[in-house]
Amino acid sequence: GAVVSQHPSWVICKSGTSVKIECRSLDFQATTMFWYRQFPKQSLMLMATSNEGSKATYEQGVEKDKFLINHASLTLSTLTVTSAHPEDSSFYICSARAGGRIDSNYGYTFGSGTRLTVV
Amino acid sequence: KQEVTQIPAALSVPEGENLVLNCSFTDSAIYNLQWFRQDPGKGLTSLLLIQSSQREQTSGRLNASLDKSSGRSTLYIAASQPGDSATYLCAVSMYSGGGADGLTFGKGTHLIIQP
(Lines give C-alpha, C1' and ligand atoms only; values in the text may rest on other atoms or scores of the structure.)
Protein backbone atom coordinates (compact mmCIF):
# COMPACT_ATOMS: atom_id res chain seq x y z
CA GLY A 1 0.00 0.00 0.00
CA ALA A 2 0.89 3.67 -0.20
CA VAL A 3 3.42 4.71 2.43
CA VAL A 4 4.40 8.23 3.43
CA SER A 5 7.52 8.71 5.54
CA GLN A 6 7.96 11.85 7.62
CA HIS A 7 11.09 12.97 9.47
CA PRO A 8 11.94 13.91 12.10
CA SER A 9 9.36 12.47 14.48
CA TRP A 10 10.09 15.12 17.04
CA VAL A 11 12.35 18.13 17.30
CA ILE A 12 13.16 20.69 19.95
CA CYS A 13 14.67 23.95 18.77
CA LYS A 14 15.55 27.33 20.17
CA SER A 15 13.42 30.34 19.43
CA GLY A 16 14.64 32.12 16.30
CA THR A 17 16.08 29.09 14.58
CA SER A 18 14.68 27.26 11.55
CA VAL A 19 13.50 23.67 11.36
CA LYS A 20 13.04 21.53 8.24
CA ILE A 21 10.56 18.66 8.09
CA GLU A 22 10.69 16.11 5.29
CA CYS A 23 7.83 14.16 3.77
CA ARG A 24 8.52 11.35 1.33
CA SER A 25 6.21 9.07 -0.62
CA LEU A 26 8.02 5.73 -0.58
CA ASP A 27 6.22 3.59 -3.11
CA PHE A 28 4.29 6.02 -5.26
CA GLN A 29 4.68 9.36 -6.93
CA ALA A 30 2.82 12.28 -5.42
CA THR A 31 2.43 15.36 -7.56
CA THR A 32 0.53 16.91 -4.69
CA MET A 33 1.25 16.72 -0.98
CA PHE A 34 -0.52 18.45 1.87
CA TRP A 35 0.74 19.91 5.13
CA TYR A 36 -1.43 20.05 8.24
CA ARG A 37 -0.98 21.41 11.75
CA GLN A 38 -2.64 20.13 14.89
CA PHE A 39 -2.69 22.00 18.17
CA PRO A 40 -3.44 20.11 21.41
CA LYS A 41 -7.03 18.90 21.63
CA GLN A 42 -7.78 20.43 18.24
CA SER A 43 -8.34 18.85 14.87
CA LEU A 44 -5.99 18.92 11.93
CA MET A 45 -6.00 22.13 9.95
CA LEU A 46 -4.75 22.28 6.39
CA MET A 47 -1.85 24.70 6.09
CA ALA A 48 -0.84 24.41 2.48
CA THR A 49 -0.92 22.33 -0.66
CA SER A 50 2.47 21.45 -2.06
CA ASN A 51 2.71 21.04 -5.83
CA GLU A 52 5.69 19.43 -7.51
CA GLY A 53 7.61 21.92 -9.57
CA SER A 54 5.53 24.93 -8.63
CA LYS A 55 4.73 27.22 -5.72
CA ALA A 56 2.71 25.96 -2.82
CA THR A 57 -0.82 27.14 -2.20
CA TYR A 58 -1.34 28.41 1.33
CA GLU A 59 -4.56 28.48 3.31
CA GLN A 60 -5.88 31.75 4.62
CA GLY A 61 -4.02 32.91 7.70
CA VAL A 62 -0.89 30.82 7.07
CA GLU A 63 2.23 32.92 6.53
CA LYS A 64 4.01 31.71 3.42
CA ASP A 65 7.25 33.46 4.39
CA LYS A 66 7.29 31.67 7.71
CA PHE A 67 6.34 28.22 6.50
CA LEU A 68 8.46 27.57 3.43
CA ILE A 69 7.40 24.62 1.32
CA ASN A 70 9.51 23.01 -1.36
CA HIS A 71 8.34 20.16 -3.55
CA ALA A 72 11.41 19.48 -5.65
CA SER A 73 10.56 15.97 -6.79
CA LEU A 74 7.59 13.66 -7.18
CA THR A 75 8.47 11.91 -3.91
CA LEU A 76 9.69 14.66 -1.61
CA SER A 77 8.16 17.74 -0.05
CA THR A 78 9.74 19.76 2.74
CA LEU A 79 8.29 22.23 5.20
CA THR A 80 10.69 24.70 6.82
CA VAL A 81 9.52 26.65 9.84
CA THR A 82 11.63 29.78 9.75
CA SER A 83 12.50 31.90 12.77
CA ALA A 84 10.50 29.60 14.97
CA HIS A 85 8.70 30.95 18.03
CA PRO A 86 7.07 29.11 20.95
CA GLU A 87 3.63 29.64 19.41
CA ASP A 88 4.78 27.55 16.42
CA SER A 89 5.04 24.54 18.72
CA SER A 90 2.60 22.03 17.30
CA PHE A 91 2.17 18.67 15.61
CA TYR A 92 2.88 18.93 11.89
CA ILE A 93 1.79 16.17 9.57
CA CYS A 94 1.95 15.66 5.84
CA SER A 95 -0.17 13.60 3.51
CA ALA A 96 -0.33 12.52 -0.09
CA ARG A 97 -2.66 10.63 -2.32
CA ALA A 98 -1.48 7.82 -4.54
CA GLY A 99 -2.64 7.98 -8.10
CA GLY A 100 -2.75 11.75 -8.30
CA ARG A 101 -5.79 11.77 -10.54
CA ILE A 102 -8.90 13.48 -9.29
CA ASP A 103 -10.78 10.24 -9.76
CA SER A 104 -8.27 8.14 -7.92
CA ASN A 105 -9.76 5.45 -5.76
CA TYR A 106 -7.07 5.91 -3.21
CA GLY A 107 -7.61 7.85 -0.06
CA TYR A 108 -5.10 10.07 1.58
CA THR A 109 -2.08 8.52 3.30
CA PHE A 110 -0.49 10.37 6.17
CA GLY A 111 3.00 10.53 7.52
CA SER A 112 3.62 9.79 11.18
CA GLY A 113 3.85 13.47 12.06
CA THR A 114 6.48 15.73 13.62
CA ARG A 115 6.15 17.11 17.13
CA LEU A 116 7.85 20.53 17.14
CA THR A 117 8.67 22.21 20.42
CA VAL A 118 10.19 25.68 20.33
CA VAL A 119 11.86 26.77 23.56
CA LYS B 1 -16.59 26.95 3.63
CA GLN B 2 -16.89 23.29 4.49
CA GLU B 3 -17.37 22.44 8.16
CA VAL B 4 -17.24 18.97 9.64
CA THR B 5 -18.81 18.13 12.98
CA GLN B 6 -18.38 14.92 14.94
CA ILE B 7 -20.64 13.69 17.69
CA PRO B 8 -20.03 12.67 20.40
CA ALA B 9 -16.77 14.40 21.28
CA ALA B 10 -15.95 11.63 23.72
CA LEU B 11 -17.31 8.19 24.45
CA SER B 12 -16.45 5.59 27.08
CA VAL B 13 -18.08 2.16 26.95
CA PRO B 14 -17.44 -1.37 28.23
CA GLU B 15 -15.74 -3.87 26.01
CA GLY B 16 -18.01 -5.80 23.65
CA GLU B 17 -20.50 -3.05 22.89
CA ASN B 18 -21.42 -1.97 19.40
CA LEU B 19 -20.81 1.72 18.74
CA VAL B 20 -21.92 4.40 16.34
CA LEU B 21 -19.85 7.51 15.72
CA ASN B 22 -21.45 10.36 13.83
CA CYS B 23 -20.06 12.85 11.34
CA SER B 24 -21.87 15.65 9.53
CA PHE B 25 -20.67 18.13 6.92
CA THR B 26 -22.21 21.37 5.70
CA ASP B 27 -21.41 21.22 1.97
CA SER B 28 -22.71 18.06 0.37
CA ALA B 29 -20.62 18.52 -2.79
CA ILE B 30 -17.88 16.29 -1.48
CA TYR B 31 -15.60 14.10 -3.54
CA ASN B 32 -15.05 11.51 -0.87
CA LEU B 33 -15.14 10.95 2.88
CA GLN B 34 -12.51 9.19 4.91
CA TRP B 35 -12.45 7.88 8.47
CA PHE B 36 -9.13 7.82 10.31
CA ARG B 37 -7.86 6.62 13.63
CA GLN B 38 -5.30 8.64 15.60
CA ASP B 39 -3.48 7.27 18.61
CA PRO B 40 -2.02 9.74 21.15
CA GLY B 41 0.98 11.58 19.72
CA LYS B 42 0.85 9.57 16.54
CA GLY B 43 -0.04 10.05 12.92
CA LEU B 44 -3.24 8.98 11.21
CA THR B 45 -4.27 5.52 10.14
CA SER B 46 -6.83 5.35 7.37
CA LEU B 47 -9.76 3.12 8.24
CA LEU B 48 -12.29 3.49 5.47
CA LEU B 49 -12.70 5.60 2.34
CA ILE B 50 -16.12 6.21 0.82
CA GLN B 51 -16.37 7.78 -2.61
CA SER B 52 -19.24 10.22 -3.10
CA SER B 53 -21.05 7.72 -5.33
CA GLN B 54 -20.93 5.00 -2.68
CA ARG B 55 -23.20 4.48 0.30
CA GLU B 56 -21.06 2.34 2.55
CA GLN B 57 -17.76 0.56 3.03
CA THR B 58 -16.85 -2.30 5.35
CA SER B 59 -13.58 -3.50 6.78
CA GLY B 60 -13.64 -6.19 9.44
CA ARG B 61 -15.60 -4.92 12.42
CA LEU B 62 -15.93 -1.45 10.92
CA ASN B 63 -18.71 -0.22 8.68
CA ALA B 64 -19.02 3.33 7.41
CA SER B 65 -22.07 4.72 5.71
CA LEU B 66 -22.52 7.89 3.72
CA ASP B 67 -25.65 9.89 3.02
CA LYS B 68 -24.25 12.61 0.84
CA SER B 69 -27.48 14.50 0.29
CA SER B 70 -28.08 14.96 3.99
CA GLY B 71 -24.43 15.56 4.77
CA ARG B 72 -23.99 12.65 7.16
CA SER B 73 -21.76 9.69 7.73
CA THR B 74 -21.64 7.12 10.49
CA LEU B 75 -18.88 4.78 11.59
CA TYR B 76 -20.16 1.59 13.15
CA ILE B 77 -17.78 -0.43 15.32
CA ALA B 78 -18.95 -3.92 16.18
CA ALA B 79 -17.92 -5.85 19.28
CA SER B 80 -15.59 -3.14 20.57
CA GLN B 81 -12.22 -4.06 22.08
CA PRO B 82 -9.82 -2.15 24.35
CA GLY B 83 -7.45 -1.87 21.38
CA ASP B 84 -10.07 0.24 19.62
CA SER B 85 -9.41 3.05 22.09
CA ALA B 86 -8.23 6.06 20.08
CA THR B 87 -9.48 9.27 18.53
CA TYR B 88 -11.56 8.74 15.41
CA LEU B 89 -11.49 11.47 12.80
CA CYS B 90 -13.85 12.08 9.93
CA ALA B 91 -12.61 14.08 6.95
CA VAL B 92 -14.01 15.13 3.59
CA SER B 93 -12.42 16.24 0.36
CA MET B 94 -14.02 18.57 -2.13
CA TYR B 95 -13.89 18.34 -5.88
CA SER B 96 -11.68 20.89 -7.53
CA GLY B 97 -11.19 20.92 -11.25
CA GLY B 98 -7.51 21.58 -10.77
CA GLY B 99 -6.84 18.33 -9.00
CA ALA B 100 -6.66 16.86 -5.51
CA ASP B 101 -7.96 18.93 -2.63
CA GLY B 102 -6.85 18.90 0.98
CA LEU B 103 -9.07 17.39 3.62
CA THR B 104 -11.36 19.16 6.06
CA PHE B 105 -11.39 17.37 9.38
CA GLY B 106 -13.81 17.16 12.24
CA LYS B 107 -12.51 17.52 15.79
CA GLY B 108 -12.81 13.81 16.36
CA THR B 109 -14.46 11.42 18.79
CA HIS B 110 -12.22 10.33 21.65
CA LEU B 111 -13.15 6.71 22.29
CA ILE B 112 -12.26 4.68 25.38
CA ILE B 113 -13.15 1.00 25.57
CA GLN B 114 -13.08 -0.25 29.13
CA PRO B 115 -11.74 -3.80 29.62
# chains A, B, ... in the order shown; residues from 1 in each chain; ligands from 1

$ residues_around --residues "range 85-95 of chain A" --least-positions-apart "6" --cutoff "6 Å" --atoms "only C-alpha atoms" --output "PyMOL selection string"
chain A and resi 15+33-39+109-111+113-119

$ write_last_selection --atoms "all heavy atoms" --output "short mmCIF file (atom, residue, chain, number, x, y, z; two decimals), in the first residue's frame"
data_model
loop_
_atom_site.label_atom_id
_atom_site.label_comp_id
_atom_site.auth_asym_id
_atom_site.auth_seq_id
_atom_site.Cartn_x
_atom_site.Cartn_y
_atom_site.Cartn_z
N SER A 15 14.17 29.27 20.06
CA SER A 15 13.42 30.34 19.43
C SER A 15 14.33 31.12 18.49
O SER A 15 15.48 31.43 18.83
CB SER A 15 12.85 31.27 20.50
OG SER A 15 12.03 32.25 19.93
N MET A 33 1.19 17.10 -2.39
CA MET A 33 1.25 16.72 -0.98
C MET A 33 0.62 17.84 -0.16
O MET A 33 0.52 18.98 -0.63
CB MET A 33 2.69 16.47 -0.53
CG MET A 33 3.33 15.25 -1.14
SD MET A 33 4.97 14.94 -0.43
CE MET A 33 5.42 13.43 -1.28
N PHE A 34 0.19 17.50 1.02
CA PHE A 34 -0.52 18.45 1.87
C PHE A 34 0.16 18.52 3.24
O PHE A 34 0.63 17.51 3.76
CB PHE A 34 -1.98 18.03 2.05
CG PHE A 34 -2.72 17.84 0.76
CD1 PHE A 34 -2.75 16.60 0.14
CD2 PHE A 34 -3.38 18.89 0.16
CE1 PHE A 34 -3.42 16.41 -1.05
CE2 PHE A 34 -4.06 18.72 -1.03
CZ PHE A 34 -4.08 17.48 -1.64
N TRP A 35 0.18 19.70 3.79
CA TRP A 35 0.74 19.91 5.13
C TRP A 35 -0.36 20.40 6.07
O TRP A 35 -1.12 21.33 5.75
CB TRP A 35 1.88 20.92 5.10
CG TRP A 35 3.11 20.37 4.44
CD1 TRP A 35 3.48 20.50 3.13
CD2 TRP A 35 4.13 19.58 5.06
NE1 TRP A 35 4.66 19.84 2.91
CE2 TRP A 35 5.08 19.26 4.08
CE3 TRP A 35 4.32 19.10 6.36
CZ2 TRP A 35 6.22 18.50 4.34
CZ3 TRP A 35 5.44 18.34 6.63
CH2 TRP A 35 6.38 18.05 5.62
N TYR A 36 -0.43 19.72 7.23
CA TYR A 36 -1.43 20.05 8.24
C TYR A 36 -0.73 20.39 9.56
O TYR A 36 0.40 19.98 9.80
CB TYR A 36 -2.37 18.87 8.49
CG TYR A 36 -3.21 18.46 7.31
CD1 TYR A 36 -2.70 17.64 6.31
CD2 TYR A 36 -4.54 18.88 7.20
CE1 TYR A 36 -3.48 17.26 5.24
CE2 TYR A 36 -5.33 18.49 6.12
CZ TYR A 36 -4.78 17.68 5.15
OH TYR A 36 -5.56 17.31 4.08
N ARG A 37 -1.47 21.09 10.41
CA ARG A 37 -0.98 21.41 11.75
C ARG A 37 -2.08 21.04 12.74
O ARG A 37 -3.28 21.23 12.45
CB ARG A 37 -0.65 22.90 11.84
CG ARG A 37 -0.14 23.37 13.17
CD ARG A 37 0.43 24.77 13.08
NE ARG A 37 -0.50 25.71 12.50
CZ ARG A 37 -0.20 26.99 12.24
NH1 ARG A 37 1.00 27.46 12.52
NH2 ARG A 37 -1.10 27.79 11.71
N GLN A 38 -1.67 20.51 13.87
CA GLN A 38 -2.64 20.13 14.89
C GLN A 38 -2.18 20.63 16.24
O GLN A 38 -1.15 20.19 16.75
CB GLN A 38 -2.81 18.61 14.92
CG GLN A 38 -3.89 18.13 15.88
CD GLN A 38 -4.04 16.62 15.86
OE1 GLN A 38 -3.06 15.90 15.69
NE2 GLN A 38 -5.26 16.12 16.04
N PHE A 39 -2.97 21.53 16.82
CA PHE A 39 -2.69 22.00 18.17
C PHE A 39 -3.36 21.05 19.16
O PHE A 39 -4.31 20.34 18.80
CB PHE A 39 -3.19 23.44 18.35
CG PHE A 39 -2.39 24.44 17.57
CD1 PHE A 39 -2.91 25.07 16.46
CD2 PHE A 39 -1.08 24.75 17.95
CE1 PHE A 39 -2.17 25.98 15.73
CE2 PHE A 39 -0.33 25.66 17.23
CZ PHE A 39 -0.88 26.28 16.11
N THR A 109 -2.99 9.20 2.37
CA THR A 109 -2.08 8.52 3.30
C THR A 109 -1.29 9.58 4.04
O THR A 109 -0.80 10.53 3.43
CB THR A 109 -1.13 7.59 2.54
OG1 THR A 109 -1.91 6.61 1.85
CG2 THR A 109 -0.21 6.87 3.52
N PHE A 110 -1.16 9.39 5.35
CA PHE A 110 -0.49 10.37 6.17
C PHE A 110 0.85 9.88 6.66
O PHE A 110 1.05 8.68 6.88
CB PHE A 110 -1.36 10.73 7.37
CG PHE A 110 -2.47 11.69 7.03
CD1 PHE A 110 -3.61 11.24 6.36
CD2 PHE A 110 -2.38 13.03 7.35
CE1 PHE A 110 -4.63 12.12 6.02
CE2 PHE A 110 -3.40 13.92 7.02
CZ PHE A 110 -4.52 13.46 6.35
N GLY A 111 1.77 10.83 6.84
CA GLY A 111 3.00 10.53 7.52
C GLY A 111 2.74 10.35 9.01
O GLY A 111 1.61 10.52 9.47
N GLY A 113 3.91 12.20 11.36
CA GLY A 113 3.85 13.47 12.06
C GLY A 113 5.18 13.88 12.70
O GLY A 113 6.06 13.05 12.95
N THR A 114 5.30 15.16 12.96
CA THR A 114 6.48 15.73 13.62
C THR A 114 6.01 16.62 14.76
O THR A 114 5.24 17.56 14.56
CB THR A 114 7.31 16.59 12.65
OG1 THR A 114 7.79 15.76 11.59
CG2 THR A 114 8.49 17.25 13.37
N ARG A 115 6.47 16.30 15.96
CA ARG A 115 6.15 17.11 17.13
C ARG A 115 7.23 18.17 17.27
O ARG A 115 8.38 17.85 17.55
CB ARG A 115 6.08 16.25 18.38
CG ARG A 115 5.90 17.01 19.68
CD ARG A 115 4.50 17.50 19.86
NE ARG A 115 3.52 16.41 19.81
CZ ARG A 115 2.21 16.60 19.72
NH1 ARG A 115 1.71 17.82 19.65
NH2 ARG A 115 1.40 15.57 19.68
N LEU A 116 6.89 19.42 17.03
CA LEU A 116 7.85 20.53 17.14
C LEU A 116 7.62 21.27 18.44
O LEU A 116 6.50 21.70 18.73
CB LEU A 116 7.69 21.49 15.96
CG LEU A 116 8.46 22.81 16.04
CD1 LEU A 116 9.97 22.54 16.07
CD2 LEU A 116 8.10 23.73 14.90
N THR A 117 8.71 21.41 19.20
CA THR A 117 8.67 22.21 20.42
C THR A 117 9.72 23.31 20.31
O THR A 117 10.90 23.01 20.10
CB THR A 117 8.96 21.35 21.67
OG1 THR A 117 7.99 20.30 21.74
CG2 THR A 117 8.88 22.19 22.93
N VAL A 118 9.29 24.53 20.41
CA VAL A 118 10.19 25.68 20.33
C VAL A 118 10.35 26.25 21.73
O VAL A 118 9.37 26.61 22.38
CB VAL A 118 9.66 26.75 19.37
CG1 VAL A 118 10.68 27.88 19.22
CG2 VAL A 118 9.32 26.15 18.02
N VAL A 119 11.60 26.31 22.18
CA VAL A 119 11.86 26.77 23.56
C VAL A 119 12.61 28.11 23.56
O VAL A 119 13.14 28.53 22.56
CB VAL A 119 12.67 25.73 24.35
CG1 VAL A 119 11.86 24.44 24.47
CG2 VAL A 119 14.02 25.47 23.69
#

$ interface_residues --of "chain B" --to "chain A" --cutoff "12 Å" --atoms "only C-alpha atoms" --output "ChimeraX atom specification"
/B:1,3-6,9-10,31-54,87-110

$ closest_residue --among "A:Phe67, A:Val3, A:Glu52, A:Thr75" --to "Ser18 in chain A" --atoms "only C-alpha atoms"
A:Phe67
